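The structure file start29.pdb is reproduced below (PDB, C-alpha atoms, pLDDT in the B column).
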ATOM      1  CA  MET A   1    -133.925-152.041  94.924  1.00 94.00           C
ATOM      2  CA  ILE A   2    -136.900-151.631  92.622  1.00 98.00           C
ATOM      3  CA  THR A   3    -140.130-150.548  94.231  1.00 98.00           C
ATOM      4  CA  ILE A   4    -143.505-149.892  92.668  1.00 98.00           C
ATOM      5  CA  SER A   5    -145.411-146.901  93.987  1.00 98.00           C
ATOM      6  CA  ASN A   6    -149.166-146.543  93.764  1.00 97.00           C
ATOM      7  CA  THR A   7    -151.362-143.584  94.687  1.00 95.00           C
ATOM      8  CA  THR A   8    -154.635-144.888  93.265  1.00 95.00           C
ATOM      9  CA  GLU A   9    -157.413-146.144  95.487  1.00 95.00           C
ATOM     10  CA  ILE A  10    -158.378-148.942  93.118  1.00 94.00           C
ATOM     11  CA  PRO A  11    -158.415-152.159  95.213  1.00 95.00           C
ATOM     12  CA  GLU A  12    -157.012-154.381  92.434  1.00 95.00           C
ATOM     13  CA  ILE A  13    -154.152-151.944  91.791  1.00 96.00           C
ATOM     14  CA  ILE A  14    -153.377-151.747  95.519  1.00 97.00           C
ATOM     15  CA  GLN A  15    -153.285-155.558  95.796  1.00 97.00           C
ATOM     16  CA  ALA A  16    -151.275-155.967  92.590  1.00 97.00           C
ATOM     17  CA  THR A  17    -148.738-153.362  93.739  1.00 98.00           C
ATOM     18  CA  GLN A  18    -148.273-155.217  97.025  1.00 98.00           C
ATOM     19  CA  LYS A  19    -147.796-158.550  95.223  1.00 98.00           C
ATOM     20  CA  ALA A  20    -145.407-157.041  92.668  1.00 98.00           C
ATOM     21  CA  ASN A  21    -143.283-155.501  95.436  1.00 98.00           C
ATOM     22  CA  GLU A  22    -143.236-158.837  97.259  1.00 98.00           C
ATOM     23  CA  LEU A  23    -141.953-160.538  94.103  1.00 98.00           C
ATOM     24  CA  LEU A  24    -139.259-157.886  93.686  1.00 98.00           C
ATOM     25  CA  LYS A  25    -137.972-158.917  97.139  1.00 98.00           C
ATOM     26  CA  SER A  26    -138.323-162.650  96.521  1.00 97.00           C
ATOM     27  CA  PRO A  27    -135.202-164.764  95.916  1.00 97.00           C
ATOM     28  CA  ALA A  28    -137.477-167.408  94.335  1.00 97.00           C
ATOM     29  CA  PHE A  29    -138.610-164.901  91.678  1.00 97.00           C
ATOM     30  CA  PHE A  30    -135.037-164.005  90.730  1.00 98.00           C
ATOM     31  CA  ASP A  31    -133.937-167.664  90.881  1.00 98.00           C
ATOM     32  CA  ALA A  32    -136.706-168.563  88.405  1.00 97.00           C
ATOM     33  CA  ILE A  33    -135.480-165.867  86.015  1.00 98.00           C
ATOM     34  CA  ARG A  34    -131.869-167.068  86.362  1.00 98.00           C
ATOM     35  CA  ALA A  35    -132.949-170.655  85.675  1.00 98.00           C
ATOM     36  CA  HIS A  36    -134.547-169.770  82.327  1.00 98.00           C
ATOM     37  CA  ALA A  37    -132.388-170.969  79.416  1.00 98.00           C
ATOM     38  CA  SER A  38    -132.345-167.773  77.336  1.00 98.00           C
ATOM     39  CA  PHE A  39    -134.440-164.866  76.122  1.00 98.00           C
ATOM     40  CA  ASP A  40    -135.169-164.009  72.512  1.00 98.00           C
ATOM     41  CA  MET A  41    -134.053-160.559  71.348  1.00 97.00           C
ATOM     42  CA  ALA A  42    -131.572-160.268  74.244  1.00 98.00           C
ATOM     43  CA  ASN A  43    -127.813-159.851  74.165  1.00 98.00           C
ATOM     44  CA  VAL A  44    -127.481-160.965  77.794  1.00 98.00           C
ATOM     45  CA  SER A  45    -128.447-164.114  79.669  1.00 98.00           C
ATOM     46  CA  PRO A  46    -131.435-164.445  82.015  1.00 98.00           C
ATOM     47  CA  ALA A  47    -128.914-164.535  84.891  1.00 98.00           C
ATOM     48  CA  VAL A  48    -127.641-161.099  83.870  1.00 98.00           C
ATOM     49  CA  VAL A  49    -131.211-159.777  83.543  1.00 98.00           C
ATOM     50  CA  ALA A  50    -131.994-161.067  87.048  1.00 98.00           C
ATOM     51  CA  THR A  51    -128.826-159.447  88.420  1.00 98.00           C
ATOM     52  CA  LEU A  52    -129.581-156.118  86.750  1.00 98.00           C
ATOM     53  CA  MET A  53    -133.118-156.206  88.127  1.00 98.00           C
ATOM     54  CA  GLY A  54    -131.887-157.115  91.590  1.00 97.00           C
ATOM     55  CA  GLU A  55    -129.289-154.329  91.616  1.00 97.00           C
ATOM     56  CA  ALA A  56    -131.469-151.612  90.053  1.00 98.00           C
ATOM     57  CA  THR A  57    -132.484-148.653  92.154  1.00 97.00           C
ATOM     58  CA  VAL A  58    -135.675-147.199  90.738  1.00 97.00           C
ATOM     59  CA  THR A  59    -139.125-146.323  91.964  1.00 98.00           C
ATOM     60  CA  MET A  60    -141.719-147.266  89.397  1.00 98.00           C
ATOM     61  CA  ILE A  61    -144.820-145.068  89.485  1.00 98.00           C
ATOM     62  CA  ILE A  62    -148.247-146.277  88.414  1.00 97.00           C
ATOM     63  CA  GLU A  63    -150.257-143.880  86.295  1.00 96.00           C
ATOM     64  CA  MET A  64    -153.719-144.756  85.116  1.00 96.00           C
ATOM     65  CA  TYR A  65    -154.959-143.621  81.724  1.00 94.00           C
ATOM     66  CA  PHE A  66    -158.078-144.282  79.682  1.00 94.00           C
ATOM     67  CA  SER A  67    -158.052-146.020  76.330  1.00 91.00           C
ATOM     68  CA  ARG A  68    -161.262-146.735  74.470  1.00 90.00           C
ATOM     69  CA  ASN A  69    -159.655-149.975  73.422  1.00 87.00           C
ATOM     70  CA  ARG A  70    -160.411-152.431  76.247  1.00 87.00           C
ATOM     71  CA  ARG A  71    -157.910-154.965  74.860  1.00 84.00           C
ATOM     72  CA  VAL A  72    -154.934-152.706  75.628  1.00 87.00           C
ATOM     73  CA  PHE A  73    -153.164-153.387  78.931  1.00 88.00           C
ATOM     74  CA  GLY A  74    -150.864-150.362  78.906  1.00 89.00           C
ATOM     75  CA  TYR A  75    -147.746-148.929  77.362  1.00 86.00           C
ATOM     76  CA  ASP A  76    -144.207-147.895  78.184  1.00 85.00           C
ATOM     77  CA  ASP A  77    -142.654-144.530  77.445  1.00 88.00           C
ATOM     78  CA  PRO A  78    -138.883-144.662  76.844  1.00 87.00           C
ATOM     79  CA  ALA A  79    -138.672-140.967  77.796  1.00 91.00           C
ATOM     80  CA  HIS A  80    -140.096-141.861  81.236  1.00 94.00           C
ATOM     81  CA  PRO A  81    -139.290-145.549  81.813  1.00 94.00           C
ATOM     82  CA  GLU A  82    -140.152-145.317  85.519  1.00 96.00           C
ATOM     83  CA  ILE A  83    -143.849-144.752  84.757  1.00 97.00           C
ATOM     84  CA  ILE A  84    -146.122-147.780  84.442  1.00 96.00           C
ATOM     85  CA  HIS A  85    -149.086-146.712  82.314  1.00 95.00           C
ATOM     86  CA  ILE A  86    -152.123-148.916  83.006  1.00 95.00           C
ATOM     87  CA  ASN A  87    -155.323-148.694  80.999  1.00 93.00           C
ATOM     88  CA  GLN A  88    -158.155-148.299  83.520  1.00 93.00           C
ATOM     89  CA  ASN A  89    -160.599-149.535  80.883  1.00 91.00           C
ATOM     90  CA  ARG A  90    -158.849-152.841  80.131  1.00 85.00           C
ATOM     91  CA  ASN A  91    -160.651-156.178  79.963  1.00 77.00           C
ATOM     92  CA  GLU A  92    -158.218-158.022  82.259  1.00 72.00           C
ATOM     93  CA  PHE A  93    -158.437-156.105  85.522  1.00 83.00           C
ATOM     94  CA  ASN A  94    -157.549-158.911  87.902  1.00 91.00           C
ATOM     95  CA  VAL A  95    -154.636-158.864  90.316  1.00 94.00           C
ATOM     96  CA  PRO A  96    -152.370-161.474  88.613  1.00 94.00           C
ATOM     97  CA  ALA A  97    -152.793-159.824  85.180  1.00 92.00           C
ATOM     98  CA  LEU A  98    -152.023-156.412  86.696  1.00 95.00           C
ATOM     99  CA  VAL A  99    -148.871-157.831  88.337  1.00 96.00           C
ATOM    100  CA  ASN A 100    -147.877-159.104  84.883  1.00 94.00           C
ATOM    101  CA  THR A 101    -148.218-155.586  83.438  1.00 94.00           C
ATOM    102  CA  MET A 102    -146.292-154.026  86.318  1.00 97.00           C
ATOM    103  CA  LEU A 103    -143.354-156.415  86.002  1.00 97.00           C
ATOM    104  CA  HIS A 104    -143.414-156.321  82.183  1.00 95.00           C
ATOM    105  CA  GLU A 105    -143.016-152.529  82.313  1.00 95.00           C
ATOM    106  CA  THR A 106    -140.409-152.818  85.081  1.00 97.00           C
ATOM    107  CA  VAL A 107    -138.289-155.042  82.818  1.00 97.00           C
ATOM    108  CA  HIS A 108    -138.475-152.303  80.156  1.00 95.00           C
ATOM    109  CA  ALA A 109    -137.300-149.726  82.719  1.00 97.00           C
ATOM    110  CA  VAL A 110    -134.334-151.870  83.805  1.00 98.00           C
ATOM    111  CA  ASP A 111    -133.459-152.448  80.144  1.00 97.00           C
ATOM    112  CA  ASP A 112    -133.556-148.671  79.546  1.00 95.00           C
ATOM    113  CA  LEU A 113    -131.343-148.069  82.607  1.00 95.00           C
ATOM    114  CA  ASN A 114    -128.668-150.402  81.214  1.00 97.00           C
ATOM    115  CA  PRO A 115    -127.725-149.266  77.689  1.00 95.00           C
ATOM    116  CA  GLU A 116    -124.940-151.864  77.460  1.00 97.00           C
ATOM    117  CA  ALA A 117    -127.572-154.602  77.647  1.00 98.00           C
ATOM    118  CA  SER A 118    -130.581-155.204  75.456  1.00 97.00           C
ATOM    119  CA  PHE A 119    -133.504-157.373  76.528  1.00 98.00           C
ATOM    120  CA  GLY A 120    -136.679-155.777  75.199  1.00 94.00           C
ATOM    121  CA  HIS A 121    -139.109-157.034  72.598  1.00 92.00           C
ATOM    122  CA  GLY A 122    -138.622-154.636  69.694  1.00 86.00           C
ATOM    123  CA  ASP A 123    -141.833-153.080  68.441  1.00 82.00           C
ATOM    124  CA  ASN A 124    -145.199-153.034  70.212  1.00 75.00           C
ATOM    125  CA  SER A 125    -146.465-156.160  68.482  1.00 76.00           C
ATOM    126  CA  SER A 126    -146.719-159.103  70.868  1.00 76.00           C
ATOM    127  CA  ALA A 127    -146.755-161.704  68.089  1.00 84.00           C
ATOM    128  CA  GLY A 128    -144.038-164.305  68.634  1.00 85.00           C
ATOM    129  CA  LYS A 129    -142.586-162.494  71.646  1.00 89.00           C
ATOM    130  CA  GLU A 130    -143.418-165.054  74.356  1.00 94.00           C
ATOM    131  CA  ASN A 131    -139.759-165.721  75.089  1.00 96.00           C
ATOM    132  CA  THR A 132    -138.593-162.122  75.352  1.00 97.00           C
ATOM    133  CA  ALA A 133    -137.644-160.909  78.818  1.00 98.00           C
ATOM    134  CA  PRO A 134    -140.586-158.497  79.348  1.00 96.00           C
ATOM    135  CA  TYR A 135    -143.241-161.025  78.317  1.00 94.00           C
ATOM    136  CA  TRP A 136    -141.678-164.068  79.950  1.00 96.00           C
ATOM    137  CA  ILE A 137    -140.892-162.320  83.254  1.00 97.00           C
ATOM    138  CA  GLY A 138    -144.326-160.657  83.303  1.00 95.00           C
ATOM    139  CA  SER A 139    -145.983-164.032  82.828  1.00 94.00           C
ATOM    140  CA  LEU A 140    -143.786-165.582  85.520  1.00 96.00           C
ATOM    141  CA  ALA A 141    -144.890-162.803  87.868  1.00 97.00           C
ATOM    142  CA  GLU A 142    -148.533-163.407  86.940  1.00 95.00           C
ATOM    143  CA  ARG A 143    -148.231-167.102  87.789  1.00 95.00           C
ATOM    144  CA  MET A 144    -146.409-166.401  91.052  1.00 96.00           C
ATOM    145  CA  ALA A 145    -149.092-163.838  91.966  1.00 95.00           C
ATOM    146  CA  GLY A 146    -151.802-166.455  91.717  1.00 90.00           C
ATOM    147  CA  GLY A 147    -152.510-166.779  88.029  1.00 70.00           C
ATOM    148  CA  GLN A 148    -153.570-170.295  87.096  1.00 65.00           C
ATOM    149  CA  SER A 149    -152.157-170.700  83.616  1.00 58.00           C
ATOM    150  CA  ASP A 150    -148.722-171.866  82.550  1.00 56.00           C
ATOM    151  CA  GLN A 151    -149.334-170.043  79.270  1.00 55.00           C
ATOM    152  CA  ILE A 152    -147.312-166.939  78.537  1.00 51.00           C
ATOM    153  CA  THR A 153    -149.709-163.997  78.669  1.00 55.00           C
ATOM    154  CA  LEU A 154    -148.996-161.516  75.927  1.00 57.00           C
ATOM    155  CA  GLN A 155    -149.673-158.007  77.163  1.00 58.00           C
ATOM    156  CA  ILE A 156    -151.255-155.908  74.422  1.00 56.00           C
ATOM    157  CA  HIS A 157    -149.569-152.496  74.088  1.00 55.00           C
ATOM    158  CA  GLU A 158    -151.199-149.254  73.028  1.00 57.00           C
ATOM    159  CA  GLY A 159    -150.676-148.824  69.288  1.00 53.00           C
ATOM    160  CA  SER A 160    -149.854-152.481  68.582  1.00 46.00           C
ATOM    161  CA  PRO A 161    -151.507-154.337  65.688  1.00 49.00           C
ATOM    162  CA  GLU A 162    -153.028-156.785  68.197  1.00 50.00           C
ATOM    163  CA  ALA A 163    -154.893-153.937  69.888  1.00 46.00           C
ATOM    164  CA  PHE A 164    -157.062-153.644  66.807  1.00 45.00           C
ATOM    165  CA  ASN A 165    -157.709-157.335  66.161  1.00 49.00           C
ATOM    166  CA  VAL A 166    -161.073-158.439  67.442  1.00 40.00           C
TER     167      VAL A 166
END
Give the structure from the file, written as structure tokens.
Amino acid sequence: MITISNTTEIPEIIQATQKANELLKSPAFFDAIRAHASFDMANVSPAVVATLMGEATVTMIIEMYFSRNRRVFGYDDPAHPEIIHINQNRNEFNVPALVNTMLHETVHAVDDLNPEASFGHGDNSSAGKENTAPYWIGSLAERMAGGQSDQITLQIHEGSPEAFNV
């Protein structure tokens, strides 16, 4: 089972961690992933992604960092896929958006844990990546955590071209 661990005392992070962990135990969350037709840039089906996520055993750890760029949500580190880096200075510091980031980075970790499968989004640019597993599943999680929009929210990564567009 995947669990997300938080040691911060930031109320939004505490709430988002609780919601993210609830989703990771929710059959409805995994059923919604399985029901998706396909993911771009993936060599496996959404059903396989959901199964890999459901069978994964990893504890994701939240680490806060500071970026001067308030547009950046966070980043993943392939050398330490279990760490969810969240920019404490980001513009979108609401619970549903934080759940999106947590699940987006969790999808990267599960992808890294399964070298026979590939379901990432390539480089750090979010342009045109709405239907990749990390972005789509993160946005699903955001909606299920109380987000109002049906739009796919594109998380802006540290070092991406979008981080510098104003």
Put a box with edges along x, y and z around all the listed atoms of stretch 81-88 of chain A, pad it by 3 Å on each side, then give me its centre and sizes in Å, one decimal, as lines of an AutoDock Vina configuration file.
center_x = -148.7
center_y = -146.8
center_z = 83.3
size_x = 24.9
size_y = 10.2
size_z = 10.5
Exercise for review: Determine the nearest neighbour of A:Gln88 from the options A:Glu63, A:Glu105, A:Glu142, A:Asp76, counting all atoms listed in the file.
Suggested key: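 For A:Gln88, the nearest of the given residues is A:Glu63.
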Check your understanding: What residues come out when you apply the PyMOL selection byres ((chain A and resi 55) around 12) to this file, written as JSON, numbers by chain?
Key -> {"A": [1, 2, 3, 24, 25, 30, 48, 49, 50, 51, 52, 53, 54, 56, 57, 58, 110, 113, 114]}
Practice item. Pick out the residues sitting within 10 Å of A:Gln18, and hand them over as a PyMOL selection string; count all atoms listed in the file, and ignore anything fewer than 6 positions along from it in its own chain. Key: chain A and resi 3-6+12+24+95+99
Exercise for review: Quote the spacing between atom CA of A:Ile62 and atom CA of A:Asn100 in Å to one decimal place.
Suggested key: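 Between atom CA of A:Ile62 and atom CA of A:Asn100 the gap works out to 13.3 Å.
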Revision key, fill the gap. Residue with the minimum atom-to-atom distance to A:Glu116, picked from A:Ser67, A:Asn43, A:Thr8, A:Ser26 with all atoms listed in the file counted, is A:Asn43
Exercise for review: Would you mind reading off the distance between atom CA of A:Asn87 and atom CA of A:Val72, one decimal, in Å?
Suggested key: 6.7 Å
Practice item. Go through A:Ser118, A:Thr101, A:Asn89, A:Ser139 one by one, measure the shortest atom-to-atom distance of each to A:Val44 using only C-alpha atoms, and give the residue with the smallest value. Key: A:Ser118
Review point. So how far away is atom CA of A:Phe73 from atom CA of A:Asn91, in Å?
Key: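 Between atom CA of A:Asn91 and atom CA of A:Phe73 the gap is 8.1 Å.
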Practice item. Considering all atoms listed in the file, state which residue in the set A:Leu23, A:Ala145, A:Ile14, A:Ile84 is at the smallest distance from A:Pro96. Key: A:Ala145
Review point. Could you pull the residues within 12 Å of A:Lys129, counting only C-alpha atoms, minus those fewer than 2 positions along the same chain, as a PyMOL selection string?
Key: chain A and resi 39-42+119-127+131-139+152-156
Written-out stretch 34-153 of chain A (C-alpha atoms) as a tab-separated table (two decimals), in the first residue's frame:
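After the write, selection.tsv holds the following:
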chain	number	residue	atom	x	y	z
A	34	ARG	CA	-9.09	2.07	-14.71
A	35	ALA	CA	-12.04	3.58	-16.59
A	36	HIS	CA	-9.86	6.14	-18.40
A	37	ALA	CA	-9.37	5.18	-22.06
A	38	SER	CA	-5.59	5.60	-22.29
A	39	PHE	CA	-2.66	7.76	-21.24
A	40	ASP	CA	-0.31	9.59	-23.56
A	41	MET	CA	3.38	8.68	-23.27
A	42	ALA	CA	2.53	5.35	-21.58
A	43	ASN	CA	3.30	1.82	-22.70
A	44	VAL	CA	0.67	0.37	-20.35
A	45	SER	CA	-3.07	0.88	-19.96
A	46	PRO	CA	-4.73	2.93	-17.20
A	47	ALA	CA	-5.90	-0.40	-15.71
A	48	VAL	CA	-2.28	-1.51	-15.37
A	49	VAL	CA	-1.30	1.85	-13.84
A	50	ALA	CA	-4.13	1.51	-11.31
A	51	THR	CA	-3.04	-2.05	-10.48
A	52	LEU	CA	0.60	-1.03	-10.04
A	53	MET	CA	-0.45	1.84	-7.79
A	54	GLY	CA	-2.74	-0.41	-5.78
A	55	GLU	CA	-0.04	-3.07	-5.31
A	56	ALA	CA	2.86	-0.70	-4.61
A	57	THR	CA	4.41	-0.68	-1.17
A	58	VAL	CA	6.04	2.69	-0.60
A	59	THR	CA	5.91	5.45	1.96
A	60	MET	CA	6.02	8.82	0.27
A	61	ILE	CA	7.63	11.54	2.39
A	62	ILE	CA	6.73	15.20	2.08
A	63	GLU	CA	9.63	17.62	2.12
A	64	MET	CA	9.07	21.34	1.89
A	65	TYR	CA	11.52	23.55	0.05
A	66	PHE	CA	11.59	27.22	-0.91
A	67	SER	CA	11.61	28.45	-4.48
A	68	ARG	CA	11.53	32.14	-5.27
A	69	ASN	CA	9.31	31.23	-8.17
A	70	ARG	CA	5.77	31.17	-6.75
A	71	ARG	CA	4.42	29.48	-9.90
A	72	VAL	CA	6.34	26.26	-9.20
A	73	PHE	CA	4.38	23.54	-7.39
A	74	GLY	CA	7.27	21.16	-6.76
A	75	TYR	CA	9.55	18.64	-8.39
A	76	ASP	CA	10.42	14.97	-8.41
A	77	ASP	CA	13.87	13.51	-7.96
A	78	PRO	CA	14.39	10.18	-9.76
A	79	ALA	CA	17.23	9.38	-7.32
A	80	HIS	CA	14.72	9.63	-4.45
A	81	PRO	CA	11.27	8.96	-5.96
A	82	GLU	CA	9.68	8.50	-2.52
A	83	ILE	CA	10.18	12.19	-1.66
A	84	ILE	CA	7.44	14.66	-2.58
A	85	HIS	CA	9.08	18.07	-2.85
A	86	ILE	CA	6.53	20.86	-2.31
A	87	ASN	CA	7.35	24.52	-2.79
A	88	GLN	CA	6.27	26.30	0.40
A	89	ASN	CA	6.16	29.57	-1.53
A	90	ARG	CA	3.76	28.43	-4.27
A	91	ASN	CA	0.73	30.43	-5.37
A	92	GLU	CA	-1.73	27.51	-5.15
A	93	PHE	CA	-1.57	26.48	-1.51
A	94	ASN	CA	-5.06	25.05	-1.15
A	95	VAL	CA	-5.86	21.50	-0.11
A	96	PRO	CA	-7.15	20.14	-3.48
A	97	ALA	CA	-4.15	21.57	-5.39
A	98	LEU	CA	-1.77	20.08	-2.81
A	99	VAL	CA	-3.48	16.68	-3.16
A	100	ASN	CA	-2.91	17.00	-6.92
A	101	THR	CA	0.82	17.54	-6.35
A	102	MET	CA	1.05	14.65	-3.90
A	103	LEU	CA	-0.63	12.18	-6.24
A	104	HIS	CA	1.21	13.51	-9.31
A	105	GLU	CA	4.54	12.81	-7.57
A	106	THR	CA	3.25	9.45	-6.30
A	107	VAL	CA	2.54	8.39	-9.89
A	108	HIS	CA	6.16	9.25	-10.74
A	109	ALA	CA	7.36	7.10	-7.82
A	110	VAL	CA	5.25	4.11	-8.91
A	111	ASP	CA	6.52	4.56	-12.47
A	112	ASP	CA	10.12	4.57	-11.17
A	113	LEU	CA	9.44	1.42	-9.11
A	114	ASN	CA	8.28	-0.45	-12.23
A	115	PRO	CA	11.01	-0.24	-14.90
A	116	GLU	CA	9.09	-2.58	-17.22
A	117	ALA	CA	6.34	0.03	-17.47
A	118	SER	CA	6.53	3.64	-18.56
A	119	PHE	CA	3.85	6.18	-17.72
A	120	GLY	CA	5.56	9.49	-17.02
A	121	HIS	CA	5.43	12.74	-18.93
A	122	GLY	CA	8.93	13.08	-20.36
A	123	ASP	CA	10.58	16.40	-19.60
A	124	ASN	CA	9.48	18.96	-17.01
A	125	SER	CA	7.40	20.96	-19.47
A	126	SER	CA	3.68	20.62	-18.80
A	127	ALA	CA	2.67	21.78	-22.28
A	128	GLY	CA	0.38	19.24	-23.95
A	129	LYS	CA	0.72	16.73	-21.11
A	130	GLU	CA	-2.87	16.79	-19.81
A	131	ASN	CA	-3.44	13.16	-20.72
A	132	THR	CA	-0.28	11.71	-19.22
A	133	ALA	CA	-0.72	9.56	-16.12
A	134	PRO	CA	0.88	11.97	-13.59
A	135	TYR	CA	-1.13	15.00	-14.74
A	136	TRP	CA	-4.42	13.21	-15.33
A	137	ILE	CA	-4.33	11.23	-12.06
A	138	GLY	CA	-3.21	14.31	-10.11
A	139	SER	CA	-6.13	16.28	-11.53
A	140	LEU	CA	-8.53	13.43	-10.77
A	141	ALA	CA	-7.27	13.47	-7.18
A	142	GLU	CA	-7.72	17.25	-7.02
A	143	ARG	CA	-11.34	16.95	-8.14
A	144	MET	CA	-12.06	14.10	-5.74
A	145	ALA	CA	-10.48	16.12	-2.91
A	146	GLY	CA	-12.93	18.94	-3.44
A	147	GLY	CA	-11.57	20.87	-6.38
A	148	GLN	CA	-14.34	22.44	-8.44
A	149	SER	CA	-12.96	22.31	-11.95
A	150	ASP	CA	-13.16	19.53	-14.50
A	151	GLN	CA	-10.10	21.07	-16.14
A	152	ILE	CA	-6.83	19.19	-15.97
A	153	THR	CA	-4.53	21.17	-13.69
